[in-house]
Amino acid sequence: MNLTLKIWRQSDANDKGKMVDYKVTEISEHMSFLEMMDVLNEQLINKGEEPVAFDHDCREGICGMCSMFINGEAHGPDRGVTTCQLHMRMFNDGDTITIEPFRAKAFPVIKDLVVDRGAFDRIQHAGGYISVNTSGNTQDANATLISKHAADEAMDAATCIGCGACVASCKNASAMLFVGAKVSQYALLPQGQVEAVDRVKNMVAQMDLEGFGNCTNTGACEVECPKGISLENIARMNREFLSANVKG
Amino acid sequence: MSGFFKSSIGRKYAMALSAFFLMFFLLQHFAINILSVFSPDAFNEASHFMGTFWAVQYVLQPILIFGVIYHFVMGFILEARNRSARVKKYAKNNGAANSSWMSRNMIYSGLCILAFLVLHFIDFWFPEINTKYIQGDMSGLLGNGEGFRYYQELAHKFESPLRVGAYVIAFVFLSLHLMHGFSSAFQSAGASSMRKEKLQLFGKAYAIIIPLGFIFIALFHHFNHH
């Protein structure tokens, strides 16, 4: 496959940045999108040009590092995949592909396609955990009975890899699917109940502080989420937040 | 609860609550207006009751006005905040791939409804307030004293094809607004997914039937009096 790539280039956080056109040739349809980017970068390095900076780590869809807004969609046109799992067979020979960083005020661009998603870490630090010391004091896993339904829903929420596709896809750059998932995974389990009030209040306060937008229920996040995190998690977070505020 | 309504989720609840109230108001407004098609007398009686009963005039009407203003003002504030959450826009953004047109354009359908409300207030609400509270005529009767004035005023307004056209267009945008707004309000209020499918179906029905009914009423009176 021969492709034209329109890629956002920005030398650092302060640079204005611009879209730059590149040609790549002999791309196999079996390559992942990131491998295609590797080919491009090899071409650029061989020509003595600066390679395109992009985030990646595990390249098997579980670390949440790879990002990229490809042809107007987070992680590209495929469903339920991260960019590293997106294959070039989703595109046609001769295509022009637009590649941009995830855009949100709370995700500032560091360089090219790399954005700072530290806002998600700060939200997690605000309450996305349980304060139980398990070292040397591990309880039997079956000591506390949990219904299959609750366990499944909590696990579904916990599959969020924090990639930020929800924020990138949302027209309001809202982080509510991420925060909803992180609140839900504890709200559904007895271990999460002790700190439930403080958790949701602190995480929502941090989310607002980071400058994310407000959810208007377009559902774009759910469609683009590589892990299929459901909007139900946002509704649950809303219920948790209301109940936490009523309880004080 | 002090910081609740300043938080992003608190504002979602507030938008949803005002939406519930407005949707309920719309339903009762429609129920009374549709009477004008079947029975001018019943429409007159209902209009006179709503226009003169103290609880409607001095309790529900101020709540409604507050609800309308709140829904619009908060809608604008949230839109401004949401726009500021993405300073640099995408060069290419395929919104249609993951969301409905209605959900992405609530601000524009809302602005069309606001423009309609201005016309609607000039048409009906301001003259009504003038007659009742400035001129002090609470009788609801025609100038010649022969029966109630409400049905005649309604029929007279829909003689103009321009006004009927404006109303029809406004109700199409109202329908588009409700297509997303109905289920969105329930989602914001934390409705669980178990009820979501039925709610969405009911919401779609509401979003089509009520505005279509208002369009029918406007067209009925327009063609009935020509």
# chains A, B, ... in the order shown; residues from 1 in each chain; ligands from 1

$ select_by_dssp --residues "range 45-226 of chain B" --states "alpha helix (DSSP H)" --output "ChimeraX atom specification"
/B:45-52,54,61-84,101-104,106-120,126-129,150-157,161-188,196-224

$ interface_residues --of "chain A" --to "chain B" --cutoff "7 Å" --atoms "only C-alpha atoms" --output "ChimeraX atom specification"
/A:71-73,98,103-105,172-173,208,211-214,217-220,223-224,232,235-236,238-239,245-246,248

$ write_last_selection --atoms "N, CA and C atoms" --output "PDB file, in the first residue's frame"
ATOM      1  N   ASN A  71      -7.923   9.909  11.174  1.00  0.00           N
ATOM      2  CA  ASN A  71      -9.065  10.187  10.294  1.00  0.00           C
ATOM      3  C   ASN A  71     -10.317  10.584  11.077  1.00  0.00           C
ATOM      4  N   GLY A  72     -10.122  11.426  12.087  1.00  0.00           N
ATOM      5  CA  GLY A  72     -11.263  11.964  12.832  1.00  0.00           C
ATOM      6  C   GLY A  72     -11.791  11.084  13.938  1.00  0.00           C
ATOM      7  N   GLU A  73     -11.074   9.996  14.281  1.00  0.00           N
ATOM      8  CA  GLU A  73     -11.531   9.129  15.372  1.00  0.00           C
ATOM      9  C   GLU A  73     -10.359   8.699  16.252  1.00  0.00           C
ATOM     10  N   THR A  98      -5.265  11.286   8.019  1.00  0.00           N
ATOM     11  CA  THR A  98      -4.965  12.426   8.899  1.00  0.00           C
ATOM     12  C   THR A  98      -4.664  11.908  10.304  1.00  0.00           C
ATOM     13  N   ARG A 103      -6.774  15.711  21.454  1.00  0.00           N
ATOM     14  CA  ARG A 103      -6.862  17.142  21.774  1.00  0.00           C
ATOM     15  C   ARG A 103      -7.794  17.401  22.955  1.00  0.00           C
ATOM     16  N   ALA A 104      -7.242  18.056  23.967  1.00  0.00           N
ATOM     17  CA  ALA A 104      -8.017  18.526  25.111  1.00  0.00           C
ATOM     18  C   ALA A 104      -7.126  19.496  25.876  1.00  0.00           C
ATOM     19  N   LYS A 105      -7.765  20.491  26.489  1.00  0.00           N
ATOM     20  CA  LYS A 105      -6.970  21.444  27.279  1.00  0.00           C
ATOM     21  C   LYS A 105      -6.228  20.701  28.394  1.00  0.00           C
ATOM     22  N   ASN A 172     -16.886  17.580  24.050  1.00  0.00           N
ATOM     23  CA  ASN A 172     -16.631  18.486  25.178  1.00  0.00           C
ATOM     24  C   ASN A 172     -15.318  18.164  25.898  1.00  0.00           C
ATOM     25  N   ALA A 173     -14.544  17.233  25.355  1.00  0.00           N
ATOM     26  CA  ALA A 173     -13.318  16.769  26.024  1.00  0.00           C
ATOM     27  C   ALA A 173     -13.601  16.422  27.484  1.00  0.00           C
ATOM     28  N   ASP A 208     -12.848  18.105  37.624  1.00  0.00           N
ATOM     29  CA  ASP A 208     -13.269  19.476  37.294  1.00  0.00           C
ATOM     30  C   ASP A 208     -12.073  20.428  37.300  1.00  0.00           C
ATOM     31  N   GLY A 211      -9.806  20.727  34.178  1.00  0.00           N
ATOM     32  CA  GLY A 211     -10.283  21.477  32.997  1.00  0.00           C
ATOM     33  C   GLY A 211     -10.922  20.611  31.919  1.00  0.00           C
ATOM     34  N   PHE A 212     -11.373  19.399  32.299  1.00  0.00           N
ATOM     35  CA  PHE A 212     -12.138  18.593  31.334  1.00  0.00           C
ATOM     36  C   PHE A 212     -13.530  19.202  31.180  1.00  0.00           C
ATOM     37  N   GLY A 213     -14.161  18.944  30.048  1.00  0.00           N
ATOM     38  CA  GLY A 213     -15.509  19.460  29.823  1.00  0.00           C
ATOM     39  C   GLY A 213     -16.552  18.623  30.533  1.00  0.00           C
ATOM     40  N   ASN A 214     -17.811  19.000  30.324  1.00  0.00           N
ATOM     41  CA  ASN A 214     -18.907  18.296  30.985  1.00  0.00           C
ATOM     42  C   ASN A 214     -19.581  17.342  30.007  1.00  0.00           C
ATOM     43  N   ASN A 217     -23.753  13.445  27.168  1.00  0.00           N
ATOM     44  CA  ASN A 217     -24.364  12.158  26.812  1.00  0.00           C
ATOM     45  C   ASN A 217     -24.458  11.900  25.312  1.00  0.00           C
ATOM     46  N   THR A 218     -23.456  12.322  24.554  1.00  0.00           N
ATOM     47  CA  THR A 218     -23.489  12.018  23.120  1.00  0.00           C
ATOM     48  C   THR A 218     -23.201  10.539  22.875  1.00  0.00           C
ATOM     49  N   GLY A 219     -22.475   9.921  23.799  1.00  0.00           N
ATOM     50  CA  GLY A 219     -22.157   8.492  23.672  1.00  0.00           C
ATOM     51  C   GLY A 219     -20.940   8.204  22.806  1.00  0.00           C
ATOM     52  N   ALA A 220     -20.263   9.260  22.329  1.00  0.00           N
ATOM     53  CA  ALA A 220     -19.086   9.065  21.465  1.00  0.00           C
ATOM     54  C   ALA A 220     -17.992   8.278  22.197  1.00  0.00           C
ATOM     55  N   VAL A 223     -18.533   4.511  22.171  1.00  0.00           N
ATOM     56  CA  VAL A 223     -18.293   3.923  20.846  1.00  0.00           C
ATOM     57  C   VAL A 223     -16.798   3.798  20.574  1.00  0.00           C
ATOM     58  N   GLU A 224     -16.031   4.813  20.953  1.00  0.00           N
ATOM     59  CA  GLU A 224     -14.601   4.843  20.621  1.00  0.00           C
ATOM     60  C   GLU A 224     -13.718   4.143  21.650  1.00  0.00           C
ATOM     61  N   GLU A 232     -23.184   3.347  31.221  1.00  0.00           N
ATOM     62  CA  GLU A 232     -23.787   3.001  32.512  1.00  0.00           C
ATOM     63  C   GLU A 232     -22.876   3.433  33.668  1.00  0.00           C
ATOM     64  N   ALA A 235     -23.591   6.986  34.512  1.00  0.00           N
ATOM     65  CA  ALA A 235     -24.845   7.087  35.286  1.00  0.00           C
ATOM     66  C   ALA A 235     -24.591   6.656  36.733  1.00  0.00           C
ATOM     67  N   ARG A 236     -23.801   5.584  36.899  1.00  0.00           N
ATOM     68  CA  ARG A 236     -23.510   5.111  38.259  1.00  0.00           C
ATOM     69  C   ARG A 236     -22.703   6.151  39.039  1.00  0.00           C
ATOM     70  N   ASN A 238     -22.798   9.332  38.589  1.00  0.00           N
ATOM     71  CA  ASN A 238     -23.731  10.417  38.936  1.00  0.00           C
ATOM     72  C   ASN A 238     -24.526  10.049  40.188  1.00  0.00           C
ATOM     73  N   ARG A 239     -25.006   8.794  40.240  1.00  0.00           N
ATOM     74  CA  ARG A 239     -25.771   8.349  41.420  1.00  0.00           C
ATOM     75  C   ARG A 239     -24.877   8.370  42.667  1.00  0.00           C
ATOM     76  N   ASN A 245     -23.033  13.389  48.199  1.00  0.00           N
ATOM     77  CA  ASN A 245     -23.299  14.761  48.623  1.00  0.00           C
ATOM     78  C   ASN A 245     -24.457  14.842  49.609  1.00  0.00           C
ATOM     79  N   VAL A 246     -25.437  13.936  49.445  1.00  0.00           N
ATOM     80  CA  VAL A 246     -26.550  13.904  50.401  1.00  0.00           C
ATOM     81  C   VAL A 246     -26.036  13.433  51.764  1.00  0.00           C
ATOM     82  N   GLY A 248     -23.125  13.824  52.816  1.00  0.00           N
ATOM     83  CA  GLY A 248     -22.235  14.861  53.369  1.00  0.00           C
ATOM     84  C   GLY A 248     -20.831  14.487  53.119  1.00  0.00           C
TER      85      GLY A 248
END

$ closest_residue --among "A:Glu50, A:Phe241, A:Gly94, A:His87" --to "Met1 in chain A" --atoms "only C-alpha atoms"
A:Gly94

$ residues_around --residues "Lys23 in chain A" --least-positions-apart "6" --cutoff "12 Å" --atoms "only C-alpha atoms" --output "mmCIF file with N, CA and C atoms, in the first residue's frame"
data_model
loop_
_atom_site.group_PDB
_atom_site.id
_atom_site.type_symbol
_atom_site.label_atom_id
_atom_site.label_comp_id
_atom_site.auth_asym_id
_atom_site.auth_seq_id
_atom_site.Cartn_x
_atom_site.Cartn_y
_atom_site.Cartn_z
ATOM 1 N N MET A 1 0.841 -1.196 0.000
ATOM 2 C CA MET A 1 0.000 0.000 0.000
ATOM 3 C C MET A 1 0.883 1.255 0.000
ATOM 4 N N ASN A 2 0.464 2.220 -0.775
ATOM 5 C CA ASN A 2 1.119 3.528 -0.756
ATOM 6 C C ASN A 2 0.136 4.544 -0.162
ATOM 7 N N LEU A 3 0.627 5.312 0.775
ATOM 8 C CA LEU A 3 -0.278 6.205 1.511
ATOM 9 C C LEU A 3 0.282 7.621 1.605
ATOM 10 N N THR A 4 -0.636 8.574 1.722
ATOM 11 C CA THR A 4 -0.255 9.938 2.068
ATOM 12 C C THR A 4 -0.685 10.172 3.512
ATOM 13 N N LEU A 5 0.238 10.627 4.329
ATOM 14 C CA LEU A 5 -0.073 10.888 5.740
ATOM 15 C C LEU A 5 -0.032 12.384 5.993
ATOM 16 N N LYS A 6 -1.085 12.881 6.639
ATOM 17 C CA LYS A 6 -1.088 14.277 7.098
ATOM 18 C C LYS A 6 -0.908 14.219 8.603
ATOM 19 N N ILE A 7 0.258 14.591 9.084
ATOM 20 C CA ILE A 7 0.597 14.391 10.495
ATOM 21 C C ILE A 7 0.855 15.721 11.202
ATOM 22 N N MET A 36 3.397 0.854 10.827
ATOM 23 C CA MET A 36 3.426 1.766 9.675
ATOM 24 C C MET A 36 4.141 3.064 10.060
ATOM 25 N N MET A 37 3.877 3.534 11.299
ATOM 26 C CA MET A 37 4.540 4.749 11.776
ATOM 27 C C MET A 37 6.051 4.500 11.933
ATOM 28 N N VAL A 39 7.805 2.520 10.053
ATOM 29 C CA VAL A 39 8.351 2.569 8.693
ATOM 30 C C VAL A 39 8.575 4.028 8.277
ATOM 31 N N LEU A 40 7.588 4.844 8.553
ATOM 32 C CA LEU A 40 7.721 6.273 8.234
ATOM 33 C C LEU A 40 8.930 6.868 8.947
ATOM 34 N N ASN A 41 9.051 6.556 10.246
ATOM 35 C CA ASN A 41 10.158 7.139 11.018
ATOM 36 C C ASN A 41 11.521 6.673 10.514
ATOM 37 N N GLN A 43 12.176 5.964 7.422
ATOM 38 C CA GLN A 43 12.377 6.782 6.207
ATOM 39 C C GLN A 43 12.883 8.172 6.585
ATOM 40 N N LEU A 44 12.272 8.761 7.605
ATOM 41 C CA LEU A 44 12.656 10.120 8.020
ATOM 42 C C LEU A 44 14.074 10.147 8.565
ATOM 43 N N ASP A 93 -5.235 1.288 -0.469
ATOM 44 C CA ASP A 93 -4.079 1.811 -1.194
ATOM 45 C C ASP A 93 -4.425 3.192 -1.760
ATOM 46 N N GLY A 94 -3.523 4.125 -1.566
ATOM 47 C CA GLY A 94 -3.751 5.471 -2.102
ATOM 48 C C GLY A 94 -4.477 6.411 -1.144
ATOM 49 N N ASP A 95 -4.876 5.900 0.028
ATOM 50 C CA ASP A 95 -5.608 6.730 1.003
ATOM 51 C C ASP A 95 -4.744 7.875 1.528
ATOM 52 N N THR A 96 -5.425 8.946 1.918
ATOM 53 C CA THR A 96 -4.786 10.005 2.701
ATOM 54 C C THR A 96 -5.286 9.857 4.132
ATOM 55 N N ILE A 97 -4.362 9.720 5.070
ATOM 56 C CA ILE A 97 -4.742 9.504 6.472
ATOM 57 C C ILE A 97 -4.304 10.706 7.310
#

$ atom_distance --atom1 "CA of Pro51 in chain A" --atom2 "CA of Gly118 in chain A"
23.8 Å

$ residues_around --residues "Ile161 in chain A" --least-positions-apart "2" --cutoff "12 Å" --atoms "only C-alpha atoms" --output "number ranges by chain"
A: 58, 60-67, 81-82, 120-121, 156-159, 163-166, 177-179, 181-182, 225-229

$ residues_around --residues "Tyr129 in chain A" --least-positions-apart "6" --cutoff "10 Å" --atoms "only C-alpha atoms" --output "number ranges by chain"
A: 182-183, 185-186, 192, 195, 199

$ write_last_selection --atoms "all heavy atoms" --output "short mmCIF file (atom, residue, chain, number, x, y, z; two decimals), in the first residue's frame"
data_model
loop_
_atom_site.label_atom_id
_atom_site.label_comp_id
_atom_site.auth_asym_id
_atom_site.auth_seq_id
_atom_site.Cartn_x
_atom_site.Cartn_y
_atom_site.Cartn_z
N LYS A 182 -13.60 4.31 36.83
CA LYS A 182 -12.73 4.17 38.02
C LYS A 182 -13.55 4.22 39.30
O LYS A 182 -13.22 3.55 40.29
CB LYS A 182 -11.65 5.26 38.02
CG LYS A 182 -10.67 5.15 36.86
CD LYS A 182 -9.99 3.80 36.83
CE LYS A 182 -9.18 3.58 35.55
NZ LYS A 182 -8.79 2.18 35.37
N VAL A 183 -14.62 5.02 39.32
CA VAL A 183 -15.50 5.08 40.49
C VAL A 183 -16.29 3.76 40.58
O VAL A 183 -16.41 3.16 41.64
CB VAL A 183 -16.46 6.29 40.39
CG1 VAL A 183 -17.61 6.16 41.39
CG2 VAL A 183 -15.71 7.59 40.64
N GLN A 185 -15.69 0.69 39.48
CA GLN A 185 -15.02 -0.58 39.79
C GLN A 185 -14.93 -0.81 41.30
O GLN A 185 -14.89 -1.95 41.76
CB GLN A 185 -13.65 -0.68 39.12
CG GLN A 185 -12.55 0.11 39.79
CD GLN A 185 -11.24 -0.02 39.03
OE1 GLN A 185 -11.11 0.42 37.90
NE2 GLN A 185 -10.25 -0.64 39.67
N TYR A 186 -14.95 0.29 42.08
CA TYR A 186 -14.96 0.15 43.54
C TYR A 186 -16.37 0.22 44.11
O TYR A 186 -16.68 -0.44 45.09
CB TYR A 186 -14.09 1.23 44.18
CG TYR A 186 -12.64 1.14 43.78
CD1 TYR A 186 -12.07 2.07 42.93
CD2 TYR A 186 -11.85 0.07 44.23
CE1 TYR A 186 -10.75 1.97 42.53
CE2 TYR A 186 -10.53 -0.04 43.83
CZ TYR A 186 -9.98 0.91 43.00
OH TYR A 186 -8.68 0.79 42.60
N GLY A 192 -14.93 -1.42 48.36
CA GLY A 192 -14.90 -0.01 47.97
C GLY A 192 -15.82 0.88 48.79
O GLY A 192 -15.77 2.11 48.69
N GLU A 195 -14.62 3.88 51.63
CA GLU A 195 -14.17 5.21 51.19
C GLU A 195 -15.03 5.78 50.06
O GLU A 195 -14.62 6.72 49.38
CB GLU A 195 -12.71 5.12 50.73
CG GLU A 195 -11.75 4.80 51.87
CD GLU A 195 -10.45 4.18 51.38
OE1 GLU A 195 -10.50 3.08 50.80
OE2 GLU A 195 -9.40 4.80 51.58
N ARG A 199 -14.23 9.10 47.88
CA ARG A 199 -13.67 8.75 46.58
C ARG A 199 -14.34 9.54 45.46
O ARG A 199 -13.68 10.25 44.70
CB ARG A 199 -13.81 7.25 46.30
CG ARG A 199 -13.35 6.86 44.88
CD ARG A 199 -13.48 5.37 44.61
NE ARG A 199 -12.74 4.61 45.60
CZ ARG A 199 -13.30 3.84 46.52
NH1 ARG A 199 -14.62 3.69 46.53
NH2 ARG A 199 -12.57 3.20 47.40
#

$ atom_distance --atom1 "CA of Val194 in chain A" --atom2 "CA of Asn137 in chain A"
18.4 Å

$ atom_distance --atom1 "CA of Ala16 in chain B" --atom2 "CA of Tyr108 in chain B"
18.1 Å

$ residues_around --residues "Glu35 in chain A" --least-positions-apart "4" --cutoff "12 Å" --atoms "only C-alpha atoms" --output "NGL selection string"
:A and (24 or 27-31 or 39-42 or 54 or 56 or 59 or 83-88)

$ write_last_selection --atoms "N, CA and C atoms" --output "PDB file, in the first residue's frame"
ATOM      1  N   VAL A  24       4.308   7.424   2.394  1.00  0.00           N
ATOM      2  CA  VAL A  24       4.938   6.147   2.768  1.00  0.00           C
ATOM      3  C   VAL A  24       4.590   5.117   1.699  1.00  0.00           C
ATOM      4  N   ILE A  27       3.663  -0.381   2.249  1.00  0.00           N
ATOM      5  CA  ILE A  27       3.112  -0.719   3.566  1.00  0.00           C
ATOM      6  C   ILE A  27       2.274  -1.995   3.421  1.00  0.00           C
ATOM      7  N   SER A  28       2.571  -2.983   4.264  1.00  0.00           N
ATOM      8  CA  SER A  28       1.790  -4.228   4.217  1.00  0.00           C
ATOM      9  C   SER A  28       0.464  -4.024   4.929  1.00  0.00           C
ATOM     10  N   GLU A  29      -0.591  -4.640   4.392  1.00  0.00           N
ATOM     11  CA  GLU A  29      -1.909  -4.513   5.041  1.00  0.00           C
ATOM     12  C   GLU A  29      -1.930  -5.244   6.380  1.00  0.00           C
ATOM     13  N   HIS A  30      -0.937  -6.121   6.617  1.00  0.00           N
ATOM     14  CA  HIS A  30      -0.889  -6.870   7.881  1.00  0.00           C
ATOM     15  C   HIS A  30      -0.184  -6.095   8.986  1.00  0.00           C
ATOM     16  N   MET A  31       0.428  -4.984   8.627  1.00  0.00           N
ATOM     17  CA  MET A  31       1.105  -4.167   9.650  1.00  0.00           C
ATOM     18  C   MET A  31       0.079  -3.529  10.584  1.00  0.00           C
ATOM     19  N   VAL A  39       7.805   2.520  10.053  1.00  0.00           N
ATOM     20  CA  VAL A  39       8.351   2.569   8.693  1.00  0.00           C
ATOM     21  C   VAL A  39       8.575   4.028   8.277  1.00  0.00           C
ATOM     22  N   LEU A  40       7.588   4.844   8.553  1.00  0.00           N
ATOM     23  CA  LEU A  40       7.721   6.273   8.234  1.00  0.00           C
ATOM     24  C   LEU A  40       8.930   6.868   8.947  1.00  0.00           C
ATOM     25  N   ASN A  41       9.051   6.556  10.246  1.00  0.00           N
ATOM     26  CA  ASN A  41      10.158   7.139  11.018  1.00  0.00           C
ATOM     27  C   ASN A  41      11.521   6.673  10.514  1.00  0.00           C
ATOM     28  N   GLU A  42      11.605   5.399  10.078  1.00  0.00           N
ATOM     29  CA  GLU A  42      12.862   4.923   9.482  1.00  0.00           C
ATOM     30  C   GLU A  42      13.196   5.732   8.231  1.00  0.00           C
ATOM     31  N   PHE A  54       5.603   9.606  18.918  1.00  0.00           N
ATOM     32  CA  PHE A  54       4.275   9.107  19.301  1.00  0.00           C
ATOM     33  C   PHE A  54       4.418   8.160  20.482  1.00  0.00           C
ATOM     34  N   HIS A  56       3.804   4.835  22.720  1.00  0.00           N
ATOM     35  CA  HIS A  56       3.521   3.407  22.548  1.00  0.00           C
ATOM     36  C   HIS A  56       4.277   2.658  23.628  1.00  0.00           C
ATOM     37  N   ARG A  59       2.110  -2.565  22.899  1.00  0.00           N
ATOM     38  CA  ARG A  59       1.701  -2.924  21.526  1.00  0.00           C
ATOM     39  C   ARG A  59       0.833  -4.177  21.488  1.00  0.00           C
ATOM     40  N   THR A  83      -4.664   1.896  19.025  1.00  0.00           N
ATOM     41  CA  THR A  83      -3.968   2.171  17.755  1.00  0.00           C
ATOM     42  C   THR A  83      -2.975   1.062  17.405  1.00  0.00           C
ATOM     43  N   CYS A  84      -2.373   0.450  18.438  1.00  0.00           N
ATOM     44  CA  CYS A  84      -1.419  -0.632  18.159  1.00  0.00           C
ATOM     45  C   CYS A  84      -2.103  -1.870  17.599  1.00  0.00           C
ATOM     46  N   GLN A  85      -3.422  -1.990  17.838  1.00  0.00           N
ATOM     47  CA  GLN A  85      -4.171  -3.144  17.325  1.00  0.00           C
ATOM     48  C   GLN A  85      -4.888  -2.824  16.012  1.00  0.00           C
ATOM     49  N   LEU A  86      -4.778  -1.572  15.589  1.00  0.00           N
ATOM     50  CA  LEU A  86      -5.416  -1.155  14.335  1.00  0.00           C
ATOM     51  C   LEU A  86      -4.539  -1.619  13.176  1.00  0.00           C
ATOM     52  N   HIS A  87      -5.122  -2.369  12.266  1.00  0.00           N
ATOM     53  CA  HIS A  87      -4.325  -2.887  11.150  1.00  0.00           C
ATOM     54  C   HIS A  87      -4.505  -2.041   9.903  1.00  0.00           C
ATOM     55  N   MET A  88      -3.467  -2.062   9.082  1.00  0.00           N
ATOM     56  CA  MET A  88      -3.488  -1.239   7.875  1.00  0.00           C
ATOM     57  C   MET A  88      -4.517  -1.734   6.867  1.00  0.00           C
TER      58      MET A  88
END

$ residues_around --residues "Met179 in chain B" --least-positions-apart "6" --cutoff "7 Å" --atoms "only C-alpha atoms" --output "NGL selection string"
:B and (102 or 203-204 or 207)
